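Participant: What follows is input.txt, compact mmCIF, C-alpha atoms (C1' of nucleotides).
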# COMPACT_ATOMS: atom_id res chain seq x y z
CA MET A 25 45.06 -103.09 4.03
CA PRO A 26 43.56 -101.75 0.95
CA GLU A 27 44.19 -98.67 -1.11
CA LEU A 28 42.89 -97.87 -4.56
CA PRO A 29 44.68 -100.68 -6.48
CA GLU A 30 43.76 -103.35 -3.92
CA VAL A 31 40.13 -102.18 -3.77
CA GLU A 32 39.98 -102.07 -7.57
CA THR A 33 41.34 -105.63 -7.73
CA ILE A 34 38.83 -106.87 -5.17
CA ALA A 35 35.91 -105.12 -6.89
CA ARG A 36 36.88 -106.62 -10.27
CA SER A 37 37.16 -110.14 -8.92
CA LEU A 38 33.84 -109.78 -7.09
CA ALA A 39 32.18 -108.41 -10.22
CA LYS A 40 33.41 -111.39 -12.21
CA ARG A 41 32.20 -113.91 -9.65
CA ILE A 42 28.96 -112.65 -8.19
CA SER A 43 27.37 -110.20 -10.65
CA GLY A 44 23.83 -111.39 -11.31
CA ASP A 45 23.69 -113.49 -8.15
CA VAL A 46 20.80 -112.92 -5.74
CA ILE A 47 21.15 -112.31 -2.00
CA GLU A 48 18.88 -114.81 -0.29
CA SER A 49 19.64 -114.04 3.33
CA VAL A 50 21.84 -111.78 5.40
CA TRP A 51 23.59 -112.47 8.71
CA LEU A 52 25.22 -109.61 10.59
CA GLY A 53 27.45 -110.19 13.62
CA SER A 54 26.31 -109.23 17.08
CA LYS A 55 28.94 -106.55 17.54
CA PRO A 56 27.40 -103.52 15.83
CA GLU A 57 30.77 -101.80 15.51
CA PRO A 58 31.37 -102.09 11.77
CA LEU A 59 27.92 -100.91 10.79
CA LYS A 60 27.42 -97.35 9.67
CA SER A 61 23.76 -97.92 8.94
CA PRO A 62 21.44 -99.74 11.38
CA ALA A 63 21.70 -103.53 11.06
CA ALA A 64 17.99 -103.91 10.32
CA GLU A 65 18.22 -101.38 7.51
CA ILE A 66 21.22 -103.13 5.94
CA ALA A 67 19.56 -106.52 6.13
CA ALA A 68 16.27 -105.23 4.71
CA THR A 69 18.00 -103.43 1.84
CA LEU A 70 20.12 -106.42 0.80
CA GLN A 71 17.48 -109.11 1.26
CA ALA A 72 16.22 -110.61 -2.01
CA LYS A 73 18.21 -108.17 -4.17
CA ARG A 74 20.18 -109.07 -7.26
CA ILE A 75 23.75 -107.76 -7.41
CA SER A 76 23.85 -106.04 -10.79
CA THR A 77 27.43 -104.76 -10.61
CA VAL A 78 30.34 -104.44 -8.19
CA ARG A 79 32.71 -101.52 -8.60
CA ARG A 80 35.18 -99.29 -6.78
CA ALA A 81 34.70 -95.66 -5.72
CA GLY A 82 37.77 -94.32 -3.92
CA LYS A 83 38.54 -96.96 -1.31
CA HIS A 84 34.90 -98.03 -1.17
CA ILE A 85 33.39 -101.11 -2.81
CA VAL A 86 29.98 -100.36 -4.26
CA PHE A 87 27.42 -103.13 -4.84
CA ASP A 88 24.68 -101.86 -7.17
CA LEU A 89 21.46 -103.64 -6.31
CA GLU A 90 18.30 -104.34 -8.26
CA SER A 91 15.11 -106.09 -7.31
CA ALA A 92 15.18 -109.80 -8.04
CA ARG A 93 12.88 -109.14 -11.03
CA GLY A 94 15.54 -106.95 -12.60
CA VAL A 95 14.18 -103.51 -11.80
CA SER A 96 17.15 -101.36 -10.85
CA SER A 97 17.05 -99.95 -7.39
CA PRO A 98 18.83 -96.79 -6.27
CA ALA A 99 20.05 -98.61 -3.16
CA GLN A 100 23.69 -99.56 -2.93
CA TRP A 101 25.63 -101.58 -0.41
CA ILE A 102 28.86 -99.79 0.45
CA VAL A 103 31.79 -101.64 2.00
CA HIS A 104 34.89 -99.88 3.31
CA LEU A 105 37.59 -102.40 4.23
CA GLY A 106 39.49 -100.19 6.69
CA MET A 107 42.94 -101.62 7.39
CA THR A 108 42.27 -105.34 7.61
CA GLY A 109 38.88 -105.97 6.01
CA SER A 110 38.36 -108.60 3.34
CA LEU A 111 35.45 -109.87 1.26
CA LEU A 112 35.57 -113.54 0.40
CA VAL A 113 33.38 -115.66 -1.86
CA CYS A 114 33.29 -119.22 -0.59
CA GLY A 115 31.21 -122.37 -0.42
CA PRO A 116 28.83 -122.81 2.51
CA GLY A 117 30.84 -125.67 4.01
CA VAL A 118 33.97 -123.60 4.55
CA GLU A 119 34.67 -122.91 8.22
CA PRO A 120 34.10 -119.19 8.89
CA ALA A 121 37.22 -117.25 9.82
CA THR A 122 37.38 -115.55 13.21
CA HIS A 123 36.23 -111.93 13.00
CA THR A 124 33.60 -112.72 10.38
CA HIS A 125 31.10 -109.86 10.77
CA ALA A 126 28.70 -110.44 7.90
CA VAL A 127 27.61 -113.37 5.72
CA LEU A 128 25.40 -113.09 2.65
CA GLN A 129 23.88 -116.34 1.37
CA LEU A 130 23.67 -116.24 -2.42
CA ALA A 131 21.17 -118.03 -4.64
CA SER A 132 24.07 -119.83 -6.37
CA GLY A 133 24.77 -121.61 -3.08
CA ARG A 134 27.90 -119.65 -2.30
CA GLU A 135 28.45 -117.13 0.49
CA LEU A 136 29.93 -113.66 0.47
CA ARG A 137 31.70 -113.07 3.79
CA PHE A 138 33.04 -109.87 5.33
CA VAL A 139 35.97 -110.55 7.66
CA ASP A 140 37.78 -107.78 9.54
CA PRO A 141 40.01 -108.42 12.61
CA ARG A 142 40.63 -104.78 13.53
CA ARG A 143 37.08 -103.70 12.81
CA PHE A 144 38.05 -100.43 11.16
CA GLY A 145 35.96 -101.43 8.15
CA ARG A 146 32.44 -100.09 7.67
CA LEU A 147 29.26 -101.37 6.06
CA SER A 148 26.42 -99.11 5.01
CA VAL A 149 23.51 -98.83 2.63
CA ILE A 150 22.84 -95.58 0.81
CA GLU A 151 21.26 -94.27 -2.36
CA ASN A 152 23.48 -92.82 -5.07
CA PHE A 153 26.79 -93.07 -3.23
CA LYS A 154 29.47 -90.66 -4.28
CA ALA A 155 32.99 -90.67 -2.81
CA PRO A 156 33.92 -87.18 -1.60
CA GLY A 157 37.25 -86.62 -3.37
CA SER A 158 38.33 -86.80 -7.01
CA GLU A 159 39.49 -90.04 -8.60
CA PRO A 160 43.26 -89.70 -9.11
CA LEU A 161 43.08 -91.60 -12.42
CA GLN A 162 40.32 -89.32 -13.73
CA ILE A 163 41.22 -85.81 -12.57
CA ALA A 164 42.80 -83.50 -15.15
CA PHE A 165 46.03 -81.67 -14.34
CA ASP A 166 44.32 -78.30 -13.77
CA GLY A 167 42.07 -79.84 -11.17
CA PHE A 168 44.99 -81.65 -9.57
CA LEU A 169 46.92 -78.37 -9.34
CA ALA A 170 43.98 -76.60 -7.73
CA LEU A 171 43.68 -79.24 -5.00
CA PHE A 172 47.11 -78.52 -3.57
CA ARG A 173 47.98 -74.95 -4.49
CA LYS A 174 46.66 -73.38 -1.30
CA ARG A 175 47.35 -76.14 1.24
CA LYS A 176 49.97 -75.55 3.92
CA THR A 177 49.92 -79.15 5.10
CA PRO A 178 52.73 -81.53 4.05
CA ILE A 179 52.11 -82.94 0.57
CA LYS A 180 52.07 -86.44 2.07
CA SER A 181 49.11 -85.51 4.30
CA ALA A 182 47.33 -83.82 1.42
CA LEU A 183 47.67 -86.95 -0.71
CA LEU A 184 46.10 -89.00 2.10
CA ASN A 185 43.18 -86.56 2.51
CA GLN A 186 40.26 -88.45 1.00
CA SER A 187 38.18 -85.33 0.48
CA LEU A 188 40.83 -84.10 -1.99
CA LEU A 189 41.81 -87.32 -3.75
CA SER A 190 39.85 -90.49 -3.23
CA GLY A 191 41.76 -93.75 -2.95
CA VAL A 192 45.40 -92.81 -2.25
CA GLY A 193 46.80 -94.40 0.92
CA ASN A 194 50.10 -94.66 2.72
CA ILE A 195 51.95 -96.98 0.33
CA TYR A 196 51.05 -95.27 -2.93
CA ALA A 197 51.56 -91.77 -1.50
CA ASP A 198 55.15 -92.69 -0.58
CA GLU A 199 55.79 -94.47 -3.88
CA ALA A 200 54.38 -91.60 -5.98
CA LEU A 201 56.41 -88.99 -4.07
CA PHE A 202 59.60 -91.01 -4.62
CA ARG A 203 58.95 -91.32 -8.33
CA ALA A 204 58.18 -87.58 -8.51
CA ARG A 205 61.38 -86.83 -6.50
CA ILE A 206 59.49 -84.80 -3.89
CA ARG A 207 60.02 -85.05 -0.13
CA PRO A 208 56.90 -86.01 1.83
CA ARG A 209 57.26 -83.11 4.32
CA ARG A 210 57.21 -80.39 1.65
CA ARG A 211 54.28 -78.02 2.10
CA ALA A 212 51.78 -78.68 -0.66
CA SER A 213 51.57 -74.97 -1.44
CA SER A 214 55.34 -74.78 -1.95
CA LEU A 215 55.32 -77.18 -4.90
CA ALA A 216 56.09 -75.66 -8.28
CA ARG A 217 53.88 -76.37 -11.27
CA ASP A 218 56.37 -78.81 -12.78
CA GLU A 219 56.71 -80.66 -9.49
CA LEU A 220 52.95 -81.11 -9.32
CA ARG A 221 53.04 -82.24 -12.95
CA ARG A 222 55.58 -84.91 -12.02
CA LEU A 223 53.52 -85.92 -9.00
CA HIS A 224 50.31 -86.22 -10.99
CA ASN A 225 52.02 -88.37 -13.62
CA ALA A 226 53.88 -90.49 -11.05
CA LEU A 227 50.70 -91.13 -9.09
CA LYS A 228 48.83 -92.27 -12.19
CA ARG A 229 51.68 -94.50 -13.32
CA VAL A 230 52.07 -96.11 -9.89
CA LEU A 231 48.35 -96.74 -9.45
CA ARG A 232 47.95 -98.19 -12.95
CA GLU A 233 50.93 -100.50 -12.58
CA ALA A 234 49.74 -101.62 -9.14
CA ILE A 235 46.29 -102.42 -10.51
CA ARG A 236 47.93 -104.40 -13.31
CA LEU A 237 49.83 -106.44 -10.71
CA GLY A 238 46.80 -107.02 -8.49
CA GLY A 239 47.81 -104.60 -5.72
CA SER A 240 50.37 -104.94 -2.91
CA SER A 241 50.23 -107.92 -0.56
CA VAL A 242 52.15 -106.54 2.42
CA SER A 243 51.00 -108.92 5.12
CA ASP A 244 47.80 -110.78 4.46
CA TYR A 245 45.96 -109.01 1.66
CA VAL A 246 44.23 -111.25 -0.87
CA ASP A 247 41.46 -110.50 -3.34
CA ALA A 248 38.02 -112.14 -3.30
CA ASP A 249 39.45 -115.21 -5.04
CA GLY A 250 42.21 -115.54 -2.44
CA ALA A 251 44.87 -114.39 -4.91
CA GLU A 252 47.80 -112.25 -3.76
CA GLY A 253 49.02 -109.10 -5.46
CA PHE A 254 52.57 -108.52 -6.67
CA PHE A 255 53.13 -104.77 -6.52
CA GLN A 256 54.98 -105.12 -3.18
CA LEU A 257 57.87 -106.38 -5.33
CA LYS A 258 57.94 -102.97 -7.02
CA HIS A 259 58.02 -100.86 -3.86
CA ARG A 260 60.99 -98.51 -4.00
CA VAL A 261 60.66 -96.80 -0.59
CA TYR A 262 57.67 -98.16 1.35
CA GLY A 263 58.90 -100.66 3.96
CA ARG A 264 62.54 -100.14 2.86
CA GLU A 265 63.86 -98.14 5.83
CA GLU A 266 67.68 -98.23 6.01
CA LYS A 267 67.87 -100.16 2.74
CA PRO A 268 69.81 -98.62 -0.18
CA CYS A 269 67.90 -96.41 -2.57
CA LEU A 270 67.42 -98.32 -5.82
CA VAL A 271 68.56 -95.23 -7.75
CA CYS A 272 71.48 -93.77 -5.72
CA LYS A 273 72.21 -96.31 -2.92
CA THR A 274 71.59 -93.73 -0.13
CA ALA A 275 69.81 -95.27 2.88
CA ILE A 276 66.03 -94.82 2.75
CA LYS A 277 64.71 -92.77 5.68
CA ARG A 278 61.57 -93.34 7.69
CA ILE A 279 59.86 -90.40 9.38
CA VAL A 280 56.40 -89.92 10.88
CA ILE A 281 53.98 -87.46 9.28
CA ALA A 282 50.49 -87.09 10.70
CA GLY A 283 51.01 -90.29 12.63
CA ARG A 284 51.79 -92.33 9.52
CA SER A 285 55.19 -93.73 8.66
CA SER A 286 56.66 -92.11 5.59
CA HIS A 287 59.60 -93.37 3.58
CA TYR A 288 61.84 -91.38 1.26
CA CYS A 289 65.30 -91.08 -0.22
CA PRO A 290 67.05 -88.02 1.27
CA ARG A 291 69.19 -87.67 -1.84
CA CYS A 292 66.75 -88.27 -4.69
CA GLN A 293 63.81 -86.40 -3.16
CA LYS A 294 64.00 -82.61 -2.72
C1' DA B 15 38.13 -73.22 6.90
C1' DC B 16 42.24 -75.50 7.58
C1' DT B 17 45.65 -78.25 10.38
C1' DA B 18 47.57 -81.38 14.00
C1' DT B 19 46.74 -84.99 17.22
C1' DG B 20 44.55 -88.78 19.56
C1' DT B 21 41.56 -92.78 19.27
C1' DC B 22 39.22 -96.66 17.61
C1' DC B 23 40.69 -102.34 17.29
C1' DT B 24 43.44 -106.94 16.97
C1' DG B 25 47.58 -109.40 15.80
C1' DC B 26 52.32 -109.96 14.78
C1' DG B 27 57.22 -109.83 15.24
C1' DA B 28 61.25 -108.07 17.78
C1' DG B 29 63.66 -107.91 21.88
C1' DC B 30 64.34 -109.13 26.50
C1' DT C 13 58.45 -120.00 26.59
C1' DG C 14 56.22 -115.80 27.70
C1' DC C 15 56.01 -110.89 28.56
C1' DT C 16 55.85 -106.04 26.71
C1' DC C 17 56.41 -102.78 23.17
C1' DG C 18 55.88 -100.79 18.78
C1' DC C 19 53.84 -101.02 14.59
C1' DA C 20 50.25 -102.00 10.84
C1' DG C 21 47.05 -100.86 4.01
C1' DG C 22 42.31 -95.88 7.49
C1' DA C 23 39.26 -92.38 8.92
C1' DC C 24 36.97 -89.92 12.22
C1' DA C 25 36.34 -86.51 16.34
C1' DT C 26 38.20 -82.97 18.65
C1' DA C 27 40.93 -79.08 19.76
C1' DG C 28 43.53 -75.09 18.41
For the structure just supplied, provide its representation as structure tokens.
Facilitator:
Amino acid sequence: MPELPEVETIARSLAKRISGDVIESVWLGSKPEPLKSPAAEIAATLQAKRISTVRRAGKHIVFDLESARGVSSPAQWIVHLGMTGSLLVCGPGVEPATHTHAVLQLASGRELRFVDPRRFGRLSVIENFKAPGSEPLQIAFDGFLALFRKRKTPIKSALLNQSLLSGVGNIYADEALFRARIRPRRRASSLARDELRRLHNALKRVLREAIRLGGSSVSDYVDADGAEGFFQLKHRVYGREEKPCLVCKTAIKRIVIAGRSSHYCPRCQK
DNA sequence: ACTATGTCCTGCGAGC
DNA sequence: TGCTCGCAGGACATAG
């Protein structure tokens, strides 16, 4: 489900709602699948901690923890939502959704629930988490250029590689490439400097606008308040196979690159 | 070191 | 109505 704009939206709504709240108890589902750290370690790290901040790093949600007396702790709870994960703040009376894998009881009386049908999401605790790639909204153009200059892989695959850029997923890769007028199968190393300039700018514009609109709700994505995003209304190629290009009316094509569907306009994108 | 492919899961809609 | 198939916002392991 979630790429950078969706994760940013979720992190902001969580920060607004549960910053300062204290984790009183932790329940983790019996299937250990979604746990990257041992269940006992996660429970022990979260227990009795105050959530000082919630923020995004790449596609990860980072909960900064402190001891309930306010002493900051290096420990962080890291949640990766995979394809279908969601974090919901709700009252204790609300019936838990199927595929609820973790429930945190908060001192305010509310619960923070992690729900994930496909179980591609991951929970872990770690000290001083750092996402591997660069933040696309932070990296300067020189750094952006250096990431791709020597890669022979298609630019679409390079954009999805989280150790290069952190946070770009399938929707925003396609949308940025359309706006930069670059075909997804082009080898990254074949892109001229001005093409990479367009791509860098297009990616930043697309991500910023998507954050402003609360992300893309393609099937069932909602933020921690249950609110939908609206960027899906601005998609120009993603999910528009065979529909007319909004610029030139040519039918949008769908191809598969690295196992992921990729959408582009064969006329606008070179 | 880089690149391509398969696999992990459940659920939904299309087509028969 | 009920089935089978293909597809889905992601990231790893593995093989070349």
Participant: Which residues are close to DG27 of chain B, i.e. within 12 Å by all atoms listed in the file, leaving aside same-chain residues fewer than 4 positions away? Reply as a ChimeraX atom specification.
Facilitator: /A:243 /C:17-20
Participant: Compile the residues of chain B that lie within 10 Å of chain A, evaluated using all atoms listed in the file, and express the compilation as a list in words.
Facilitator: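 Close enough to count are DC16, DT17, DA18, DT19, DG20, DC22, DC23, DT24, DG25 and DC26 of chain B.
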Participant: Using only C-alpha atoms (C1' of nucleotides), which residues sit within 12 Å of DG21 of chain C once same-chain residues fewer than 6 positions away are excluded, as a VMD selection string?
Facilitator: chain A and resid 25 to 31 83 105 to 110 144 to 145 191 to 197 239 to 246 256 262 to 263 284 to 285
Participant: What does the structure give for the distance between atom CA of Arg205 of chain A and atom CA of His287 of chain A, in Å to one decimal?
Facilitator: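 Atom CA of His287 of chain A lies 12.1 Å from atom CA of Arg205 of chain A.
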Participant: Counting all atoms listed in the file, which residues sit no farther than 12 Å from the position (47.9, -105.7, -15.5) in the file's frame? I'd like them as an MDAnalysis selection string.
Facilitator: chainID A and resid 29 32:33 230:239 253:255
Participant: Could you work out how far atom CA of Pro178 of chain A lies from atom CA of Ala216 of chain A, giving the answer in Å with one decimal?
Facilitator: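 These atoms are spaced 14.1 Å apart.
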Participant: So how far away is atom CA of Ser37 of chain A from atom CA of Leu189 of chain A, in Å?
Facilitator: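 Computing it gives 23.9 Å between the two atoms.
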Participant: May I ask which of the residues A:Pro98, A:Ala251, A:Val86, A:Gln129 is the closest one to Gln71 of chain A, counting all atoms listed in the file?
Facilitator: A:Gln129
Participant: Residues at most 10 Å from segment 270-275 of chain A, counting all atoms listed in the file, excluding those fewer than 5 positions away in the same chain, as an MDAnalysis selection string?
Facilitator: chainID A and resid 259:261 264:265 288:292
Participant: Within 9 Å of Pro156 of chain A, counting all atoms listed in the file, which residues show up once you throw out same-chain ones fewer than 5 positions away? Write them as a ChimeraX atom specification, please.
Facilitator: /A:82,186-190
Participant: For chain C, which residue out of A:His84, A:Lys55, A:Arg41, A:Arg74 is the nearest one, using all atoms listed in the file?
Facilitator: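 Checking each of A:His84, A:Lys55, A:Arg41, A:Arg74 against chain C, counting all atoms listed in the file, the winner is A:His84.
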Participant: From the options A:Lys258, A:His104, A:Lys277, A:Lys294, which residue's atoms come nearest to chain C, counting all atoms listed in the file?
Facilitator: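 Nearest candidate to chain C out of A:Lys258, A:His104, A:Lys277, A:Lys294: A:His104.
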Participant: Since the input is missing atoms, can you rebuild N, CA, C and O atoms for segment 118-130 of chain A and write them as an mmCIF file, keeping the file's coordinate frame?
Facilitator:
data_model
loop_
_atom_site.group_PDB
_atom_site.id
_atom_site.type_symbol
_atom_site.label_atom_id
_atom_site.label_comp_id
_atom_site.auth_asym_id
_atom_site.auth_seq_id
_atom_site.Cartn_x
_atom_site.Cartn_y
_atom_site.Cartn_z
ATOM 1 N N VAL A 118 32.680 -124.081 4.060
ATOM 2 C CA VAL A 118 33.970 -123.600 4.550
ATOM 3 C C VAL A 118 33.824 -122.996 5.944
ATOM 4 O O VAL A 118 32.935 -122.180 6.180
ATOM 5 N N GLU A 119 34.685 -123.415 6.831
ATOM 6 C CA GLU A 119 34.670 -122.910 8.220
ATOM 7 C C GLU A 119 34.852 -121.390 8.215
ATOM 8 O O GLU A 119 35.784 -120.884 7.604
ATOM 9 N N PRO A 120 33.965 -120.651 8.890
ATOM 10 C CA PRO A 120 34.100 -119.190 8.890
ATOM 11 C C PRO A 120 35.330 -118.740 9.678
ATOM 12 O O PRO A 120 35.616 -119.292 10.741
ATOM 13 N N ALA A 121 36.049 -117.786 9.133
ATOM 14 C CA ALA A 121 37.220 -117.250 9.820
ATOM 15 C C ALA A 121 36.782 -116.511 11.076
ATOM 16 O O ALA A 121 35.642 -116.047 11.163
ATOM 17 N N THR A 122 37.685 -116.411 12.072
ATOM 18 C CA THR A 122 37.380 -115.550 13.210
ATOM 19 C C THR A 122 37.262 -114.114 12.699
ATOM 20 O O THR A 122 37.868 -113.760 11.692
ATOM 21 N N HIS A 123 36.491 -113.323 13.387
ATOM 22 C CA HIS A 123 36.230 -111.930 13.000
ATOM 23 C C HIS A 123 35.408 -111.838 11.718
ATOM 24 O O HIS A 123 35.548 -110.893 10.954
ATOM 25 N N THR A 124 34.579 -112.834 11.464
ATOM 26 C CA THR A 124 33.600 -112.720 10.380
ATOM 27 C C THR A 124 32.424 -111.903 10.899
ATOM 28 O O THR A 124 31.802 -112.273 11.889
ATOM 29 N N HIS A 125 32.144 -110.767 10.265
ATOM 30 C CA HIS A 125 31.100 -109.860 10.770
ATOM 31 C C HIS A 125 29.832 -109.870 9.944
ATOM 32 O O HIS A 125 28.810 -109.353 10.374
ATOM 33 N N ALA A 126 29.900 -110.404 8.730
ATOM 34 C CA ALA A 126 28.700 -110.440 7.900
ATOM 35 C C ALA A 126 28.797 -111.612 6.926
ATOM 36 O O ALA A 126 29.883 -111.912 6.429
ATOM 37 N N VAL A 127 27.673 -112.281 6.697
ATOM 38 C CA VAL A 127 27.610 -113.370 5.720
ATOM 39 C C VAL A 127 26.358 -113.200 4.882
ATOM 40 O O VAL A 127 25.253 -113.076 5.419
ATOM 41 N N LEU A 128 26.541 -113.157 3.569
ATOM 42 C CA LEU A 128 25.400 -113.090 2.650
ATOM 43 C C LEU A 128 25.282 -114.448 1.949
ATOM 44 O O LEU A 128 26.225 -114.907 1.308
ATOM 45 N N GLN A 129 24.123 -115.091 2.088
ATOM 46 C CA GLN A 129 23.880 -116.340 1.370
ATOM 47 C C GLN A 129 23.385 -115.980 -0.029
ATOM 48 O O GLN A 129 22.440 -115.211 -0.180
ATOM 49 N N LEU A 130 24.025 -116.560 -1.042
ATOM 50 C CA LEU A 130 23.670 -116.240 -2.420
ATOM 51 C C LEU A 130 22.864 -117.388 -3.037
ATOM 52 O O LEU A 130 23.019 -118.547 -2.646
#
